[in-house]
Amino acid sequence: MELKKFRKKSPWILHYNTGSCNGCDIEILACLAPKYDLERFGILNRGNPKQSDILLVTGPVTKRAKERLLRLYFEMPEPKVVVAVGACACTGGVFRHMYNVENGVDSIIPVDVYVPGCAARPESIIDGVVKALEILEKKKKEIELPPYCKVPEGEKLNRRKLLERCLEVINAGRRS
Amino acid sequence: MGKRITVPFGSQHVALPEPVRFVFQTENERIVDVEVDVGYVHRGIEKACSTRFKYMQVGYVVARVCGLCAISHTLGYVTAIERLMEVEVPKRALYLRVLVSELDRIHSHLLAMGHTAEVAGYENLFMQTFRYRESVMELLELITGNRVQFDYVCPGGVNRDMTTELEKEIRKKLKELEEKCLWLKDVFENDFSLNLRWKGVGVVTKEMAKEMNVVGPPARAAGLETDVRAEFNYLPFEEVGFKLITRRGGDIYDRNLVRAEEVINSIEMVKNVLDGLPEGEIKVPVKGLPEGETFVRVEAPRGELFYYIKGTKKMVLDRVRIRVPTFANIPVMKKLFIGMDYSDVPATVISFDPCLSCTAR
């Protein structure tokens, strides 16, 4: 399919702020600006989850942002890669164990690449995104390998479990 | 009149760097009602400051309230704690604080100007502004060692000293930066289509600004003479050539020009600081425990920032209260929206330069 060919050439990113201090967000903006120019890898910043391949998450995931983050994650098509940008997205950072914080992105959704730093430097963000491209390629092959698109057994179980858990959370949020 | 249409905007949107949610009620193109929800980034920093962190550590925690005005938050807290404990800060440290806080103001203002240009459809000008902003970031990195979260100010002084080579480098880069900023100001002032887009849009009159307590560049663009740098004595701004800049229009065009002129004034101040940098210590030790209560006002890039702290002879403070500039600007923004065309909304929002991680904390 044509889409597969171009996904490698031009992955689109989706950026979501889950309660960060804006430090990492302006560094992501700086990445897209002339000096660092992330767009030379064919990367475009689009706000639409349904067309994106890479999810850049900043911030320690506040309780209200959790639901939105899950919805964005499930709206993205496979294959997808999640990059946690900054110290607070990786572990919760200085906000760890505050009353409204979930201690990092990986407590909510699976994370593929961790970019450390407070705030993460543009060079390391670019490095992280390039790593994410490799992982994206790998994931794409995993999906493509069986001709009739059969997902491996273990993978399937995990995903279903994850989906159930997450749907529970979403529904719980709705009722209250 | 036409039927009412509800337009949700946010919490995740490509034009928004931060999660905020607006729900507009529109009749045809005109907005009749608006609801704002800013609570997506609430982390509970004030609570944590008065339970989990010692008073010497809080300065580094409040810097993480907002990455754009990190220096102002730390400055506010540190000034408050110094007043409470009666620490006399060395003059050199005060001058270095002025230097970093003005450089921070330059980069924040350039960011805001670039964003307004992007919203007006000037992608090219946006990129150009960001390229110029990078040179300020380089300067900040040279001085403080980090690009965004500086952690430069600490109770009793500053964490890093300035060397002669560094000073030379800064002077060289500042000269280039000044030329670029003058060019930018010229574009923002004289460009024909930008004038058409911005003049007379989102007007805040002087009376409105006074009544609704507007702060920062929007207030100064409306002709209200309010600047904490002139009103509250926390750093020696008068000695380094601070000028109060006001304009009369109060629209988006004037807000941008106030920012542009403040950038040029800030560059001048940085130069004066380098010229008159006194010799001496950069840090004095802080001993003892804070007792009593005090408040401090600081001029952040977006306006007046207010800190209240209270301590009762313990390592952990009793209360830290932060009132941020964006919070003060929300009522006037809401009033402006009603009766406005939907297409003018993004430009108006961005021209106030809202910072929601400050507002929600």
# chains A, B, ... in the order shown; residues from 1 in each chain; ligands from 1
$ interface_residues --of "chain A" --to "chain B" --cutoff "10 Å" --atoms "only C-alpha atoms" --output "number ranges by chain"
A: 14-30, 32-36, 45-49, 59-66, 68-69, 72, 94-102, 117-122
$ write_last_selection --atoms "C-alpha atoms" --output "tab-separated table (two decimals), in the first residue's frame"
chain	number	residue	atom	x	y	z
A	14	LEU	CA	0.90	14.71	17.74
A	15	HIS	CA	1.92	16.79	20.71
A	16	TYR	CA	-0.04	16.78	23.93
A	17	ASN	CA	0.70	18.62	27.14
A	18	THR	CA	-0.47	16.71	30.21
A	19	GLY	CA	0.38	19.33	32.81
A	20	SER	CA	3.97	20.23	32.09
A	21	CYS	CA	5.51	23.62	32.86
A	22	ASN	CA	5.69	24.67	29.16
A	23	GLY	CA	9.45	24.26	29.26
A	24	CYS	CA	9.49	21.09	27.17
A	25	ASP	CA	6.70	22.43	24.97
A	26	ILE	CA	8.65	25.48	23.90
A	27	GLU	CA	11.63	23.25	23.27
A	28	ILE	CA	9.46	21.14	20.95
A	29	LEU	CA	8.44	24.38	19.23
A	30	ALA	CA	12.10	25.35	19.00
A	32	LEU	CA	10.29	22.87	14.62
A	33	ALA	CA	11.82	26.35	14.18
A	34	PRO	CA	14.73	27.08	11.79
A	35	LYS	CA	17.72	26.38	14.03
A	36	TYR	CA	17.00	22.73	14.75
A	45	ASN	CA	3.23	18.69	13.58
A	46	ARG	CA	-0.46	18.10	13.07
A	47	GLY	CA	-3.06	18.28	15.78
A	48	ASN	CA	-5.11	15.38	14.47
A	49	PRO	CA	-4.70	12.07	16.31
A	59	GLY	CA	4.23	16.63	31.67
A	60	PRO	CA	3.54	14.36	34.63
A	61	VAL	CA	-0.09	13.50	33.62
A	62	THR	CA	-2.56	15.27	35.86
A	63	LYS	CA	-5.76	13.49	36.85
A	64	ARG	CA	-7.87	15.45	34.39
A	65	ALA	CA	-5.44	15.10	31.51
A	66	LYS	CA	-5.36	11.30	31.97
A	68	ARG	CA	-7.80	12.92	27.32
A	69	LEU	CA	-4.44	11.20	26.93
A	72	LEU	CA	-5.89	10.45	22.05
A	94	VAL	CA	9.69	17.20	40.79
A	95	PHE	CA	5.89	16.73	40.77
A	96	ARG	CA	6.09	13.08	41.79
A	97	HIS	CA	3.55	12.14	44.48
A	98	MET	CA	1.74	15.46	44.38
A	99	TYR	CA	-1.95	14.93	45.00
A	100	ASN	CA	-3.17	15.59	41.48
A	101	VAL	CA	-0.43	13.82	39.55
A	102	GLU	CA	-0.15	10.28	38.13
A	117	GLY	CA	16.17	16.45	30.94
A	118	CYS	CA	14.52	19.39	32.65
A	119	ALA	CA	13.77	20.85	30.25
A	120	ALA	CA	14.69	18.32	27.56
A	121	ARG	CA	17.14	19.90	25.11
A	122	PRO	CA	16.13	20.16	21.45
$ residues_around --residues "Pro217 (chain B)" --least-positions-apart "2" --cutoff "10 Å" --atoms "only C-alpha atoms" --output "ChimeraX atom specification"
/B:109,214-215,219-224,226-227,245-247,250,254-259,262,301-303,351-353
$ write_last_selection --atoms "C-alpha atoms" --output "CSV table (one decimal), in the first residue's frame"
chain,number,residue,atom,x,y,z
B,109,HIS,CA,8.1,38.6,24.3
B,214,VAL,CA,-5.6,44.2,33.5
B,215,VAL,CA,-1.9,43.7,34.0
B,219,ALA,CA,-2.6,47.2,30.3
B,220,ARG,CA,0.3,49.3,29.1
B,221,ALA,CA,-1.0,49.1,25.5
B,222,ALA,CA,-4.3,50.6,26.8
B,223,GLY,CA,-2.5,53.5,28.3
B,224,LEU,CA,-2.5,52.4,31.9
B,226,THR,CA,1.3,50.0,35.5
B,227,ASP,CA,4.7,48.3,35.8
B,245,ILE,CA,6.4,52.2,27.9
B,246,THR,CA,2.8,52.9,27.2
B,247,ARG,CA,0.6,53.3,24.1
B,250,GLY,CA,-5.2,49.1,23.3
B,254,ASP,CA,-0.4,48.2,20.2
B,255,ARG,CA,0.1,45.2,22.4
B,256,ASN,CA,2.7,43.8,20.0
B,257,LEU,CA,4.4,47.2,19.7
B,258,VAL,CA,4.6,47.5,23.5
B,259,ARG,CA,6.3,44.1,23.5
B,262,GLU,CA,10.1,46.6,25.8
B,301,PRO,CA,6.9,39.0,31.2
B,302,ARG,CA,3.1,38.7,31.2
B,303,GLY,CA,2.5,41.2,34.0
B,351,SER,CA,-2.0,38.6,21.9
B,352,PHE,CA,-2.7,38.4,25.7
B,353,ASP,CA,0.0,35.7,25.8
$ residues_around --residues "Pro155 (chain B)" --least-positions-apart "6" --cutoff "7 Å" --atoms "only C-alpha atoms" --output "list in words"
Val78, Glu82 and Val286 of chain B
$ write_last_selection --atoms "N, CA and C atoms" --output "PDB file, in the first residue's frame"
ATOM      1  N   VAL B  78      12.200  34.028  46.112  1.00  0.00           N
ATOM      2  CA  VAL B  78      13.472  34.268  46.789  1.00  0.00           C
ATOM      3  C   VAL B  78      13.482  35.646  47.428  1.00  0.00           C
ATOM      4  N   GLU B  82      13.958  36.373  51.381  1.00  0.00           N
ATOM      5  CA  GLU B  82      15.034  37.254  51.848  1.00  0.00           C
ATOM      6  C   GLU B  82      14.484  38.389  52.710  1.00  0.00           C
ATOM      7  N   VAL B 286      22.430  31.816  53.930  1.00  0.00           N
ATOM      8  CA  VAL B 286      21.167  32.118  54.601  1.00  0.00           C
ATOM      9  C   VAL B 286      21.031  31.163  55.776  1.00  0.00           C
TER      10      VAL B 286
END
$ atom_distance --atom1 "CA of Leu177 (chain B)" --atom2 "CA of Leu277 (chain B)"
20.8 Å
$ closest_residue --among "B:Pro8, B:Gly249, B:Gly114, B:Gly156" --to "Arg21 (chain B)" --atoms "only C-alpha atoms"
B:Pro8
$ residues_around --residues "Leu136 (chain A)" --least-positions-apart "5" --cutoff "8 Å" --atoms "only C-alpha atoms" --output "JSON, numbers by chain"
{"A": [79, 80, 81]}
$ write_last_selection --atoms "N, CA and C atoms" --output "PDB file, in the first residue's frame"
ATOM      1  N   PRO A  79       0.604   1.358  13.153  1.00  0.00           N
ATOM      2  CA  PRO A  79       1.526   1.364  14.291  1.00  0.00           C
ATOM      3  C   PRO A  79       1.731   2.763  14.851  1.00  0.00           C
ATOM      4  N   LYS A  80       1.933   2.832  16.161  1.00  0.00           N
ATOM      5  CA  LYS A  80       2.158   4.135  16.791  1.00  0.00           C
ATOM      6  C   LYS A  80       3.268   4.035  17.824  1.00  0.00           C
ATOM      7  N   VAL A  81       3.939   5.161  18.025  1.00  0.00           N
ATOM      8  CA  VAL A  81       5.041   5.207  18.976  1.00  0.00           C
ATOM      9  C   VAL A  81       4.785   6.345  19.949  1.00  0.00           C
TER      10      VAL A  81
END
$ atom_distance --atom1 "CA of Val129 (chain A)" --atom2 "CA of Ala89 (chain A)"
15.0 Å
$ residues_around --residues "Ile43 (chain A)" --least-positions-apart "3" --cutoff "9 Å" --atoms "only C-alpha atoms" --output "list in words"
Lys9, Ser10, Pro11, Trp12, Ile13, Leu38, Glu39 and Arg40 of chain A
$ write_last_selection --atoms "N, CA and C atoms" --output "PDB file, in the first residue's frame"
ATOM      1  N   LYS A   9       8.601   7.722   5.234  1.00  0.00           N
ATOM      2  CA  LYS A   9       9.214   8.962   4.753  1.00  0.00           C
ATOM      3  C   LYS A   9       8.733  10.165   5.545  1.00  0.00           C
ATOM      4  N   SER A  10       7.477  10.178   5.908  1.00  0.00           N
ATOM      5  CA  SER A  10       6.929  11.381   6.526  1.00  0.00           C
ATOM      6  C   SER A  10       5.990  11.048   7.676  1.00  0.00           C
ATOM      7  N   PRO A  11       6.559  10.747   8.851  1.00  0.00           N
ATOM      8  CA  PRO A  11       5.696  10.488  10.006  1.00  0.00           C
ATOM      9  C   PRO A  11       5.169  11.792  10.583  1.00  0.00           C
ATOM     10  N   TRP A  12       3.944  11.791  11.006  1.00  0.00           N
ATOM     11  CA  TRP A  12       3.359  13.002  11.592  1.00  0.00           C
ATOM     12  C   TRP A  12       3.332  12.856  13.101  1.00  0.00           C
ATOM     13  N   ILE A  13       3.583  13.987  13.775  1.00  0.00           N
ATOM     14  CA  ILE A  13       3.588  13.907  15.235  1.00  0.00           C
ATOM     15  C   ILE A  13       2.363  14.599  15.800  1.00  0.00           C
ATOM     16  N   LEU A  38      13.203  20.139  12.853  1.00  0.00           N
ATOM     17  CA  LEU A  38      12.794  18.731  12.868  1.00  0.00           C
ATOM     18  C   LEU A  38      12.116  18.338  11.560  1.00  0.00           C
ATOM     19  N   GLU A  39      11.634  19.329  10.831  1.00  0.00           N
ATOM     20  CA  GLU A  39      10.884  19.021   9.611  1.00  0.00           C
ATOM     21  C   GLU A  39      11.770  18.458   8.513  1.00  0.00           C
ATOM     22  N   ARG A  40      13.073  18.526   8.679  1.00  0.00           N
ATOM     23  CA  ARG A  40      13.944  17.962   7.648  1.00  0.00           C
ATOM     24  C   ARG A  40      13.870  16.444   7.608  1.00  0.00           C
TER      25      ARG A  40
END
$ select_by_dssp --residues "region 5-176 of chain A" --states "strand (DSSP E or B)" --output "JSON, numbers by chain"
{"A": [12, 13, 14, 15, 16, 17, 44, 45, 54, 55, 56, 57, 58, 62, 81, 82, 83, 84, 85, 101, 113, 114, 115]}
$ atom_distance --atom1 "CA of Ala112 (chain B)" --atom2 "CA of Leu142 (chain B)"
23.0 Å
$ residues_around --residues "Cys90 (chain A)" --least-positions-apart "2" --cutoff "9 Å" --atoms "only C-alpha atoms" --output "JSON, numbers by chain"
{"A": [58, 59, 60, 84, 85, 86, 87, 88, 92, 93, 103, 104, 105, 106, 111, 114, 115, 116]}
